[in-house]
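Have a look at coords02.txt; it's compact mmCIF, C-alpha atoms:
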```txt
# COMPACT_ATOMS: atom_id res chain seq x y z
CA MET A 1 71.88 78.58 1.39
CA ASN A 2 73.44 75.77 3.43
CA VAL A 3 71.71 75.53 6.81
CA THR A 4 72.66 72.97 9.44
CA GLY A 5 70.10 71.92 12.04
CA ILE A 6 71.02 70.66 15.50
CA ILE A 7 68.67 69.18 18.12
CA ALA A 8 70.01 69.75 21.62
CA GLU A 9 69.35 70.31 25.31
CA TYR A 10 72.49 72.28 26.26
CA ASN A 11 71.95 71.27 29.86
CA PRO A 12 74.30 73.14 30.19
CA PHE A 13 76.35 74.18 27.13
CA HIS A 14 79.92 72.83 27.23
CA ASN A 15 82.97 72.35 24.99
CA GLY A 16 81.52 69.25 23.35
CA HIS A 17 78.62 71.36 22.12
CA LEU A 18 81.02 74.08 20.97
CA TYR A 19 82.94 71.46 18.98
CA GLN A 20 79.74 70.38 17.21
CA LEU A 21 78.84 73.96 16.26
CA SER A 22 82.39 74.56 15.01
CA TYR A 23 82.21 71.33 12.99
CA ALA A 24 79.02 72.53 11.32
CA LYS A 25 80.60 75.84 10.38
CA GLU A 26 84.04 74.58 9.33
CA LYS A 27 83.48 71.07 7.98
CA LEU A 28 79.89 71.21 6.78
CA LYS A 29 80.33 74.79 5.53
CA ALA A 30 77.07 75.88 7.11
CA ASP A 31 76.02 79.42 6.29
CA TYR A 32 73.73 79.31 9.31
CA ILE A 33 72.99 76.99 12.22
CA ILE A 34 69.49 76.50 13.62
CA VAL A 35 69.21 74.80 16.99
CA ALA A 36 65.99 73.11 18.11
CA MET A 37 66.62 73.30 21.85
CA SER A 38 64.62 71.77 24.69
CA GLY A 39 62.65 74.36 26.63
CA ASP A 40 62.47 74.18 30.41
CA TYR A 41 62.29 70.36 30.59
CA VAL A 42 64.61 67.71 29.23
CA GLN A 43 64.30 64.25 27.73
CA ARG A 44 65.04 62.22 30.87
CA GLY A 45 61.93 63.70 32.49
CA ALA A 46 63.53 66.42 34.56
CA PRO A 47 63.72 70.20 34.70
CA ALA A 48 66.55 71.80 32.75
CA LEU A 49 69.29 73.02 35.08
CA LEU A 50 69.03 76.57 33.73
CA PRO A 51 66.09 78.45 32.18
CA LYS A 52 65.72 78.14 28.42
CA HIS A 53 66.56 81.77 27.62
CA ILE A 54 69.90 81.52 29.42
CA ARG A 55 70.73 78.29 27.58
CA ALA A 56 69.65 79.92 24.30
CA GLU A 57 72.09 82.75 25.00
CA MET A 58 74.83 80.18 25.63
CA ALA A 59 74.06 78.59 22.25
CA LEU A 60 74.16 81.91 20.40
CA LEU A 61 77.43 82.86 22.07
CA GLY A 62 78.77 79.46 21.02
CA GLY A 63 78.01 79.97 17.32
CA ALA A 64 74.32 79.19 16.74
CA ASP A 65 72.41 81.69 14.61
CA LEU A 66 68.84 80.87 15.59
CA VAL A 67 67.46 78.97 18.60
CA LEU A 68 63.94 77.55 18.47
CA GLU A 69 62.15 76.00 21.43
CA LEU A 70 61.39 72.29 21.48
CA PRO A 71 58.19 72.39 23.60
CA ALA A 72 57.78 70.36 26.78
CA GLN A 73 55.37 67.91 25.09
CA PHE A 74 58.33 66.70 23.00
CA SER A 75 61.39 67.71 25.02
CA SER A 76 60.29 65.54 27.99
CA ALA A 77 59.23 62.58 25.83
CA SER A 78 60.96 59.30 24.99
CA ALA A 79 63.76 59.28 22.42
CA GLU A 80 61.38 58.46 19.56
CA PHE A 81 59.06 61.42 20.21
CA PHE A 82 61.93 63.73 21.18
CA ALA A 83 63.56 63.04 17.83
CA GLU A 84 60.29 63.35 15.92
CA GLY A 85 59.62 66.71 17.54
CA GLY A 86 63.08 68.05 16.81
CA VAL A 87 63.06 66.87 13.19
CA SER A 88 59.55 68.21 12.53
CA LEU A 89 60.52 71.60 14.00
CA LEU A 90 63.65 71.89 11.86
CA GLU A 91 61.87 70.67 8.75
CA GLY A 92 59.06 73.13 9.41
CA THR A 93 61.47 76.02 8.92
CA GLY A 94 61.83 75.07 5.26
CA ALA A 95 65.49 76.09 5.42
CA VAL A 96 67.47 73.20 6.97
CA THR A 97 69.59 71.14 4.56
CA GLU A 98 71.49 68.92 7.03
CA LEU A 99 70.85 67.52 10.48
CA CYS A 100 74.08 67.20 12.46
CA PHE A 101 74.21 65.08 15.61
CA GLY A 102 76.88 63.53 17.77
CA SER A 103 77.14 59.77 18.29
CA GLU A 104 79.44 57.16 19.75
CA GLU A 105 79.45 55.49 16.30
CA GLY A 106 80.63 58.41 14.20
CA HIS A 107 79.34 56.89 10.92
CA VAL A 108 75.80 57.40 9.66
CA GLU A 109 75.50 54.50 7.17
CA ASN A 110 74.86 51.72 9.70
CA MET A 111 72.59 53.98 11.71
CA LEU A 112 70.45 54.57 8.62
CA LEU A 113 70.29 50.83 7.91
CA ILE A 114 69.12 50.02 11.44
CA ALA A 115 66.68 52.94 11.29
CA ARG A 116 65.19 51.57 8.09
CA ILE A 117 64.55 48.15 9.70
CA LEU A 118 62.92 49.76 12.73
CA THR A 119 60.84 52.04 10.50
CA GLU A 120 59.65 49.44 7.99
CA GLU A 121 59.37 46.63 10.59
CA PRO A 122 59.63 43.53 8.37
CA GLU A 123 57.20 40.79 9.44
CA ALA A 124 59.96 38.54 10.80
CA TYR A 125 61.29 41.34 13.00
CA ARG A 126 57.78 42.32 14.18
CA THR A 127 57.04 38.72 15.20
CA LEU A 128 60.23 38.54 17.26
CA LEU A 129 59.48 41.89 18.90
CA ARG A 130 55.97 40.77 19.94
CA GLN A 131 57.39 37.56 21.35
CA HIS A 132 59.90 39.33 23.60
CA LEU A 133 57.32 41.89 24.74
CA LYS A 134 54.99 39.04 25.77
CA GLU A 135 57.85 37.69 27.90
CA GLY A 136 57.52 40.85 30.00
CA ARG A 137 60.66 42.61 28.79
CA SER A 138 60.87 46.39 28.54
CA PHE A 139 60.48 47.76 25.03
CA PRO A 140 64.17 48.75 24.61
CA CYS A 141 65.27 45.27 25.71
CA ALA A 142 62.68 43.51 23.52
CA ARG A 143 63.68 45.63 20.52
CA ASN A 144 67.36 44.86 20.95
CA LEU A 145 66.75 41.11 21.25
CA ALA A 146 64.41 41.07 18.25
CA LEU A 147 66.87 43.01 16.10
CA ASP A 148 69.72 40.72 17.17
CA ARG A 149 67.83 37.59 16.10
CA TYR A 150 66.55 39.23 12.91
CA LEU A 151 70.05 40.26 11.80
CA ARG A 152 71.51 36.81 12.56
CA ALA A 153 68.99 35.32 10.14
CA SER A 154 69.42 37.99 7.46
CA SER A 155 72.11 38.79 4.87
CA LEU A 156 72.16 42.52 5.56
CA PRO A 157 75.59 44.25 5.49
CA VAL A 158 75.65 45.06 9.19
CA SER A 159 76.94 42.75 11.89
CA VAL A 160 75.05 41.78 15.01
CA GLU A 161 77.92 43.24 17.04
CA THR A 162 77.58 46.59 15.28
CA ALA A 163 73.84 46.67 15.81
CA SER A 164 74.26 45.79 19.48
CA ARG A 165 76.79 48.58 19.90
CA LEU A 166 74.49 51.05 18.18
CA LEU A 167 71.52 50.18 20.39
CA SER A 168 73.43 50.20 23.68
CA SER A 169 74.80 53.76 23.60
CA PRO A 170 72.52 56.75 24.29
CA ASN A 171 73.71 59.07 21.54
CA ASN A 172 73.67 56.25 18.99
CA ILE A 173 70.08 55.42 19.97
CA LEU A 174 69.03 59.03 19.62
CA GLY A 175 70.84 59.25 16.27
CA ILE A 176 68.92 56.24 14.99
CA GLU A 177 65.68 57.92 16.10
CA TYR A 178 66.67 61.04 14.15
CA CYS A 179 67.25 58.87 11.08
CA LYS A 180 63.90 57.14 11.62
CA ALA A 181 62.11 60.48 11.83
CA LEU A 182 63.75 61.66 8.59
CA LEU A 183 62.85 58.41 6.82
CA GLN A 184 59.25 58.45 8.03
CA ARG A 185 58.80 62.02 6.86
CA LYS A 186 60.59 61.32 3.55
CA SER A 187 62.60 64.39 4.43
CA SER A 188 65.15 65.99 2.12
CA ILE A 189 67.29 66.84 5.17
CA LYS A 190 70.54 64.87 5.10
CA PRO A 191 71.67 63.25 8.37
CA VAL A 192 75.32 63.80 9.32
CA THR A 193 76.99 62.49 12.47
CA LEU A 194 80.31 63.24 14.12
CA LYS A 195 81.97 61.02 16.66
CA ARG A 196 81.41 62.14 20.22
CA LYS A 197 84.66 63.04 21.99
CA GLY A 198 85.47 63.10 25.68
CA SER A 199 83.34 61.75 28.54
CA GLY A 200 80.49 59.33 28.03
CA TYR A 201 76.91 60.60 28.05
CA HIS A 202 76.22 59.37 31.61
CA GLU A 203 79.76 60.00 32.95
CA ALA A 204 79.31 61.73 36.32
CA GLU A 205 82.96 62.61 36.95
CA LEU A 206 84.68 65.72 35.62
CA LYS A 207 87.92 64.98 33.77
CA SER A 208 90.46 67.71 33.13
CA ARG A 209 90.99 68.87 29.53
CA GLN A 210 88.33 66.52 28.24
CA ALA A 211 84.95 67.40 26.79
CA PRO A 212 82.63 66.66 29.73
CA SER A 213 79.20 65.17 29.84
CA ALA A 214 76.46 67.57 30.88
CA THR A 215 75.67 64.98 33.57
CA ALA A 216 79.12 65.50 35.13
CA ILE A 217 78.65 69.27 35.26
CA ARG A 218 75.22 68.95 36.89
CA THR A 219 76.53 66.39 39.39
CA HIS A 220 79.39 68.70 40.33
CA LEU A 221 77.02 71.61 40.94
CA GLN A 222 74.60 69.55 43.03
CA LYS A 223 77.20 68.22 45.49
CA SER A 224 77.32 71.42 47.53
CA PRO A 225 75.40 74.08 45.59
CA LYS A 226 75.80 76.96 48.04
CA ASP A 227 79.61 76.93 47.93
CA THR A 228 80.24 75.15 44.64
CA ASP A 229 83.69 75.73 43.20
CA THR A 230 83.26 76.31 39.45
CA SER A 231 87.02 76.50 38.76
CA PRO A 232 87.15 72.85 37.54
CA LEU A 233 84.74 73.87 34.77
CA LYS A 234 87.05 76.51 33.26
CA GLU A 235 88.70 74.01 30.93
CA LEU A 236 85.42 72.28 30.12
CA MET A 237 83.04 75.10 29.20
CA PRO A 238 83.38 78.14 26.92
CA GLU A 239 84.16 81.24 28.97
CA ALA A 240 80.89 83.00 28.06
CA SER A 241 78.80 79.96 29.05
CA LEU A 242 80.69 79.56 32.30
CA ARG A 243 80.03 83.21 33.22
CA LEU A 244 76.30 82.71 32.71
CA LEU A 245 76.37 79.50 34.76
CA GLU A 246 78.34 81.11 37.60
CA SER A 247 75.94 84.06 37.67
CA SER A 248 72.98 81.68 37.94
CA VAL A 249 74.60 79.61 40.69
CA LYS A 250 75.42 82.71 42.75
CA ARG A 251 71.80 83.84 42.78
CA ASN A 252 70.44 80.30 43.25
CA GLY A 253 68.94 80.51 39.75
CA TYR A 254 68.82 76.87 38.75
CA LEU A 255 66.52 73.90 39.32
CA THR A 256 66.92 70.18 39.97
CA GLU A 257 64.42 67.36 40.48
CA SER A 258 64.42 67.99 44.24
CA ASP A 259 62.90 71.44 43.70
CA PHE A 260 59.76 69.65 42.46
CA ASP A 261 59.46 67.32 45.48
CA LEU A 262 56.50 68.93 47.26
CA LEU A 263 54.68 70.01 44.11
CA LEU A 264 54.78 66.51 42.67
CA HIS A 265 53.60 64.96 45.93
CA TYR A 266 50.65 67.33 46.09
CA ARG A 267 49.75 66.56 42.48
CA LEU A 268 49.85 62.79 43.01
CA LEU A 269 47.78 63.04 46.20
CA SER A 270 45.06 64.90 44.31
CA LEU A 271 44.56 62.17 41.67
CA THR A 272 42.91 58.75 41.57
CA PRO A 273 44.69 55.83 39.85
CA GLU A 274 42.32 56.21 36.90
CA GLN A 275 43.15 59.90 36.56
CA THR A 276 46.87 59.25 36.93
CA ALA A 277 46.77 56.72 34.08
CA GLU A 278 45.53 59.43 31.68
CA PHE A 279 48.98 60.98 31.39
CA GLN A 280 51.74 60.20 28.89
CA ASP A 281 54.02 57.27 29.87
CA ILE A 282 51.72 56.20 32.75
CA SER A 283 50.14 52.78 32.27
CA PRO A 284 47.23 51.62 34.48
CA GLU A 285 49.66 49.26 36.22
CA LEU A 286 52.15 52.05 36.95
CA ALA A 287 49.30 54.33 38.09
CA ARG A 288 48.21 51.72 40.65
CA ARG A 289 51.79 51.26 41.77
CA ILE A 290 52.15 55.02 42.25
CA GLN A 291 49.00 55.24 44.36
CA ASN A 292 49.91 52.16 46.42
CA ARG A 293 53.34 53.57 47.34
CA LEU A 294 52.37 57.20 47.99
CA ASN A 295 52.78 56.78 51.76
CA ASP A 296 56.45 56.02 51.10
CA TYR A 297 57.01 59.19 49.07
CA GLN A 298 60.02 61.23 50.23
CA GLY A 299 60.99 63.08 47.07
CA PHE A 300 60.96 63.03 43.27
CA SER A 301 64.18 61.03 42.76
CA GLN A 302 63.57 58.68 45.68
CA PHE A 303 60.06 57.89 44.44
CA CYS A 304 61.31 57.12 40.92
CA GLU A 305 63.80 54.66 42.35
CA LEU A 306 61.10 53.11 44.55
CA LEU A 307 58.74 52.56 41.60
CA LYS A 308 61.34 51.06 39.25
CA THR A 309 60.83 47.45 38.15
CA ARG A 310 62.40 45.04 35.66
CA GLU A 311 59.74 45.96 33.11
CA ILE A 312 59.60 49.72 33.74
CA THR A 313 62.80 51.73 33.58
CA ARG A 314 63.52 54.58 35.96
CA THR A 315 63.74 57.03 33.05
CA ARG A 316 60.25 56.13 31.89
CA ILE A 317 58.91 56.55 35.41
CA GLN A 318 60.61 59.92 35.74
CA ARG A 319 59.12 61.08 32.45
CA GLY A 320 55.70 59.81 33.46
CA LEU A 321 55.75 61.63 36.79
CA MET A 322 56.86 64.83 35.10
CA HIS A 323 54.00 64.48 32.61
CA VAL A 324 51.54 64.09 35.50
CA LEU A 325 52.93 67.25 37.07
CA LEU A 326 52.84 69.25 33.83
CA GLY A 327 49.47 67.94 32.64
CA ILE A 328 50.81 66.30 29.47
CA ARG A 329 48.38 63.58 28.49
CA LYS A 330 49.89 62.64 25.15
CA THR A 331 52.60 63.67 22.75
CA PRO A 332 51.00 65.35 19.72
CA GLU A 333 51.76 64.27 16.18
CA LYS A 334 53.55 67.50 15.29
CA ILE A 335 54.66 70.91 16.51
CA PRO A 336 52.28 73.58 15.15
CA TYR A 337 54.60 76.61 15.38
CA ALA A 338 58.26 77.62 15.65
CA ARG A 339 58.85 79.59 18.86
CA VAL A 340 61.96 81.79 18.65
CA LEU A 341 64.04 81.90 21.83
CA GLY A 342 66.95 83.85 20.38
CA PHE A 343 68.83 84.83 17.24
CA ARG A 344 71.85 86.75 16.04
CA LYS A 345 71.25 90.09 14.30
CA ASP A 346 73.36 89.02 11.33
CA ALA A 347 71.02 86.05 10.75
CA ALA A 348 68.44 88.33 9.12
CA PRO A 349 68.76 86.54 5.72
CA LEU A 350 68.00 83.22 7.46
CA LEU A 351 64.86 84.60 9.11
CA LYS A 352 63.78 86.02 5.76
CA GLU A 353 64.25 82.60 4.14
CA ILE A 354 62.21 80.89 6.88
CA LYS A 355 59.35 83.38 6.53
CA LYS A 356 59.41 82.73 2.79
CA ARG A 357 59.72 78.92 2.76
CA GLY A 358 58.69 77.74 6.21
CA ILE A 359 55.47 75.82 6.79
CA LEU A 360 55.23 76.73 10.49
CA PRO A 361 54.23 80.15 11.87
CA LEU A 362 57.32 81.86 13.30
CA LEU A 363 56.41 82.97 16.82
CA THR A 364 58.63 85.64 18.38
CA ARG A 365 56.03 87.03 20.82
CA PRO A 366 53.67 84.46 22.41
CA ALA A 367 51.19 87.30 22.96
CA ASP A 368 50.74 87.39 19.17
CA ALA A 369 49.69 83.73 19.09
CA PRO A 370 45.90 84.28 18.82
CA GLU A 371 46.45 86.11 15.53
CA LEU A 372 48.80 83.47 14.10
CA LEU A 373 47.70 80.08 15.40
CA SER A 374 44.71 77.77 15.02
CA PRO A 375 42.66 76.78 18.10
CA GLY A 376 44.50 73.46 18.30
CA ALA A 377 47.88 75.16 18.08
CA LEU A 378 46.83 77.62 20.76
CA ALA A 379 45.90 74.75 23.08
CA PHE A 380 49.33 73.20 22.42
CA LEU A 381 51.00 76.53 23.24
CA GLU A 382 48.96 76.87 26.42
CA THR A 383 50.15 73.48 27.70
CA ASN A 384 53.76 74.45 27.11
CA THR A 385 53.19 77.90 28.61
CA ARG A 386 51.73 76.36 31.77
CA ALA A 387 54.76 74.05 32.05
CA SER A 388 57.16 76.99 31.68
CA ASN A 389 55.24 79.03 34.27
CA ILE A 390 55.54 76.14 36.75
CA TYR A 391 59.31 76.15 36.15
CA GLU A 392 59.44 79.94 36.53
CA SER A 393 57.37 79.94 39.74
CA LEU A 394 59.78 77.51 41.43
CA LEU A 395 62.81 79.37 40.09
CA CYS A 396 61.69 82.83 41.24
CA HIS A 397 60.80 81.42 44.69
CA LYS A 398 64.28 79.92 44.94
CA GLU A 399 65.92 83.17 43.80
CA GLY A 400 63.67 85.35 45.95
CA ARG A 401 62.39 87.53 43.12
CA ALA A 402 59.08 88.43 41.50
CA PHE A 403 57.36 86.00 39.11
CA SER A 404 57.69 86.70 35.38
CA HIS A 405 55.01 85.19 33.13
CA GLU A 406 56.15 83.25 30.06
CA TYR A 407 54.67 85.89 27.77
CA GLN A 408 56.88 88.55 29.38
CA LYS A 409 60.16 86.82 28.48
CA PRO A 410 62.01 88.74 25.74
CA VAL A 411 63.74 87.04 22.81
CA VAL A 412 67.52 86.88 23.21
CA ILE A 413 69.18 88.97 20.49
CA LEU A 414 72.95 89.17 20.02
```
Would it be possible to restate this file's structure as structure tokens?
Amino acid sequence: MNVTGIIAEYNPFHNGHLYQLSYAKEKLKADYIIVAMSGDYVQRGAPALLPKHIRAEMALLGGADLVLELPAQFSSASAEFFAEGGVSLLEGTGAVTELCFGSEEGHVENMLLIARILTEEPEAYRTLLRQHLKEGRSFPCARNLALDRYLRASSLPVSVETASRLLSSPNNILGIEYCKALLQRKSSIKPVTLKRKGSGYHEAELKSRQAPSATAIRTHLQKSPKDTDTSPLKELMPEASLRLLESSVKRNGYLTESDFDLLLHYRLLSLTPEQTAEFQDISPELARRIQNRLNDYQGFSQFCELLKTREITRTRIQRGLMHVLLGIRKTPEKIPYARVLGFRKDAAPLLKEIKKRGILPLLTRPADAPELLSPGALAFLETNTRASNIYESLLCHKEGRAFSHEYQKPVVIL
């Protein structure tokens, strides 16, 4: 059985994602596709635009066979932990043979070589990295400079220019982290990359007849949400996904960072600097900075911009604040279960294979968790459940409907 794994956010699902799923089916000859998809929070430290079950339905309609949840502890983490979580989840199924991801590079060989250096950390490279970190540079900047100098002094078959290109593009960086995670786990899963087509990852402008960035779609929706014209998206999203998006927009059923403005402010006001520093991605220095600038707080996005420094990127701050809000104190070493968000009925042989070979409990009903999971795994599930219930509480308030607990959400079956 040839099973392709994909790690994604689908925030929201667009034609670029459809192309990747089609590539897995047609070029990689995948019998089945398993998607490890971010739950209600995404890697840049923000809420997903649409709830996870709607995005899971989009994925299934687009060609995925099984969608598993990447819990908030990993989905809202830095690229390294995000990748580690996704890889460990796919490997835990015992069924995935290939990991397919998009990149600006389009070739996996150089990505694997860079990943090996970053994984093994030769002494010369480690010395350079420490030096640049002591200079007060952010970790991504220090890593890039150290790798540049290390490659210039080495005889490795990859140019400094290639390495610089790989480490300056978001999908390339994430691809390298996927390769690192596979190498560290000595995984039998083969990495495969396809060249990203269309708009750049951070491109905020919609371009006709071109695979968009999810950022551009979100930006378009946020300009004037109450009377947003979705017609420009018809050429950029599969019809089924667009229908689900339009339905959500009409009933106000989506979230952005601004929906968390008051909740985050309340949370920060209730903590001391020492308590704030207990959460993932919050250093003591950042915790003090947060407390010192609380009187200037106007909203989630504004506060992230206010706190940004040369040493601390806005993305890290955004992730840190989200972790404070969700109560995530650290990213665990592994995911202890595989939570099913949705599957296709004709994927029954795949589910049978996972139950036979998988090393993670397959969780279709969270209410069954006490019978299937260890105490530690239950605590992990509870943290993610609390995060999803926070998302749901804000969403149902915005839509004007009754609250639905995480345990009441049915699996999507097509």
Could you name the residues that touch range 19-23 of chain A at 9 Å or less, counting only C-alpha atoms, but leaving out those on the same chain fewer than 6 positions away, as a list in words?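 Skipping anything fewer than 6 positions along the chain leaves Ile6, Lys29, Ile33, Ala59, Gly62, Gly63, Ala64, Cys100, Phe101, Gly102, Leu194 and Arg196 of chain A.
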One-decimal distance in Å that lies between CA of Tyr391 in chain A and CA of Ser404 in chain A: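 If I compute the distance from CA of Ser404 in chain A to CA of Tyr391 in chain A, I get 10.7 Å.
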Counting all atoms listed in the file, find the residues whose atoms lie at most 10 Å from (62.7, 65.9, 26.4) (file coordinates) and write them out as a tab-separated table (two decimals) with C-alpha atoms, in the frame of the given file.
```
chain	number	residue	atom	x	y	z
A	8	ALA	CA	70.01	69.75	21.62
A	9	GLU	CA	69.35	70.31	25.31
A	37	MET	CA	66.62	73.30	21.85
A	38	SER	CA	64.62	71.77	24.69
A	39	GLY	CA	62.65	74.36	26.63
A	40	ASP	CA	62.47	74.18	30.41
A	41	TYR	CA	62.29	70.36	30.59
A	42	VAL	CA	64.61	67.71	29.23
A	43	GLN	CA	64.30	64.25	27.73
A	44	ARG	CA	65.04	62.22	30.87
A	45	GLY	CA	61.93	63.70	32.49
A	46	ALA	CA	63.53	66.42	34.56
A	47	PRO	CA	63.72	70.20	34.70
A	48	ALA	CA	66.55	71.80	32.75
A	70	LEU	CA	61.39	72.29	21.48
A	71	PRO	CA	58.19	72.39	23.60
A	72	ALA	CA	57.78	70.36	26.78
A	73	GLN	CA	55.37	67.91	25.09
A	74	PHE	CA	58.33	66.70	23.00
A	75	SER	CA	61.39	67.71	25.02
A	76	SER	CA	60.29	65.54	27.99
A	77	ALA	CA	59.23	62.58	25.83
A	78	SER	CA	60.96	59.30	24.99
A	79	ALA	CA	63.76	59.28	22.42
A	81	PHE	CA	59.06	61.42	20.21
A	82	PHE	CA	61.93	63.73	21.18
A	83	ALA	CA	63.56	63.04	17.83
A	85	GLY	CA	59.62	66.71	17.54
A	86	GLY	CA	63.08	68.05	16.81
A	319	ARG	CA	59.12	61.08	32.45
```
Could you give me the axis-aligned bounding box of range 58-76 of chain A, with 3 Å of padding per side, as centre plus edge lengths in Å to one decimal, as JSON?
```
{"center_x": 67.1, "center_y": 74.2, "center_z": 21.3, "size_x": 29.4, "size_y": 23.3, "size_z": 19.4}
```
Find the residues around Gly358 in chain A up to 7 Å (all atoms listed in the file counted), leave out those fewer than 3 positions away in its own chain, and share them as a ChimeraX atom specification. /A:92-94,354-355
Quick one: of A:Leu394, A:Leu306, A:Ala146, A:Leu350, who's nearest to Thr256 in chain A, counting only C-alpha atoms?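 Smallest distance to Thr256 in chain A is found for A:Leu394.
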List the neighbours of Val35 in chain A out to 6 Å using all atoms listed in the file; skip same-chain residues closer than 6 positions along the sequence, and give me the result as a PDB file with C-alpha atoms, in the coordinates of the input.
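Produced file around_25.pdb, reproduced below:
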```pdb
ATOM      1  CA  GLY A   5      70.100  71.920  12.040  1.00  0.00           C
ATOM      2  CA  ILE A   6      71.020  70.660  15.500  1.00  0.00           C
ATOM      3  CA  ILE A   7      68.670  69.180  18.120  1.00  0.00           C
ATOM      4  CA  VAL A  67      67.460  78.970  18.600  1.00  0.00           C
TER       5      VAL A  67
END
```
Excluding range 372-383 of chain A and residues on its chain fewer than 3 positions from it, collect all residues at most 6 Å away from it, counting all atoms listed in the file, and give them as a compact mmCIF listing (two decimals) with C-alpha atoms, in the frame of the given file.
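File result.txt, as written:
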```txt
# COMPACT_ATOMS: atom_id res chain seq x y z
CA PRO A 336 52.28 73.58 15.15
CA ALA A 369 49.69 83.73 19.09
CA ARG A 386 51.73 76.36 31.77
```
Within-12 Å shell of (62.0, 70.8, 40.1) in input frame, all atoms listed in the file, as a PyMOL selection string: chain A and resi 40-42+45-51+253-265+299-301+318+321-322+325-326+387-388+390-395+397-398
Only C-alpha atoms, please: the residues just picked out, written as an mmCIF file, in the frame of the given file.
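The resulting file, out_2.cif, is shown below:
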```cif
data_model
loop_
_atom_site.group_PDB
_atom_site.id
_atom_site.type_symbol
_atom_site.label_atom_id
_atom_site.label_comp_id
_atom_site.auth_asym_id
_atom_site.auth_seq_id
_atom_site.Cartn_x
_atom_site.Cartn_y
_atom_site.Cartn_z
ATOM 1 C CA ASP A 40 62.470 74.180 30.410
ATOM 2 C CA TYR A 41 62.290 70.360 30.590
ATOM 3 C CA VAL A 42 64.610 67.710 29.230
ATOM 4 C CA GLY A 45 61.930 63.700 32.490
ATOM 5 C CA ALA A 46 63.530 66.420 34.560
ATOM 6 C CA PRO A 47 63.720 70.200 34.700
ATOM 7 C CA ALA A 48 66.550 71.800 32.750
ATOM 8 C CA LEU A 49 69.290 73.020 35.080
ATOM 9 C CA LEU A 50 69.030 76.570 33.730
ATOM 10 C CA PRO A 51 66.090 78.450 32.180
ATOM 11 C CA GLY A 253 68.940 80.510 39.750
ATOM 12 C CA TYR A 254 68.820 76.870 38.750
ATOM 13 C CA LEU A 255 66.520 73.900 39.320
ATOM 14 C CA THR A 256 66.920 70.180 39.970
ATOM 15 C CA GLU A 257 64.420 67.360 40.480
ATOM 16 C CA SER A 258 64.420 67.990 44.240
ATOM 17 C CA ASP A 259 62.900 71.440 43.700
ATOM 18 C CA PHE A 260 59.760 69.650 42.460
ATOM 19 C CA ASP A 261 59.460 67.320 45.480
ATOM 20 C CA LEU A 262 56.500 68.930 47.260
ATOM 21 C CA LEU A 263 54.680 70.010 44.110
ATOM 22 C CA LEU A 264 54.780 66.510 42.670
ATOM 23 C CA HIS A 265 53.600 64.960 45.930
ATOM 24 C CA GLY A 299 60.990 63.080 47.070
ATOM 25 C CA PHE A 300 60.960 63.030 43.270
ATOM 26 C CA SER A 301 64.180 61.030 42.760
ATOM 27 C CA GLN A 318 60.610 59.920 35.740
ATOM 28 C CA LEU A 321 55.750 61.630 36.790
ATOM 29 C CA MET A 322 56.860 64.830 35.100
ATOM 30 C CA LEU A 325 52.930 67.250 37.070
ATOM 31 C CA LEU A 326 52.840 69.250 33.830
ATOM 32 C CA ALA A 387 54.760 74.050 32.050
ATOM 33 C CA SER A 388 57.160 76.990 31.680
ATOM 34 C CA ILE A 390 55.540 76.140 36.750
ATOM 35 C CA TYR A 391 59.310 76.150 36.150
ATOM 36 C CA GLU A 392 59.440 79.940 36.530
ATOM 37 C CA SER A 393 57.370 79.940 39.740
ATOM 38 C CA LEU A 394 59.780 77.510 41.430
ATOM 39 C CA LEU A 395 62.810 79.370 40.090
ATOM 40 C CA HIS A 397 60.800 81.420 44.690
ATOM 41 C CA LYS A 398 64.280 79.920 44.940
#
```
Mind pulling up the distance from CA of Ala338 in chain A to CA of Lys409 in chain A?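 For CA of Lys409 in chain A relative to CA of Ala338 in chain A, the distance reads 15.9 Å.
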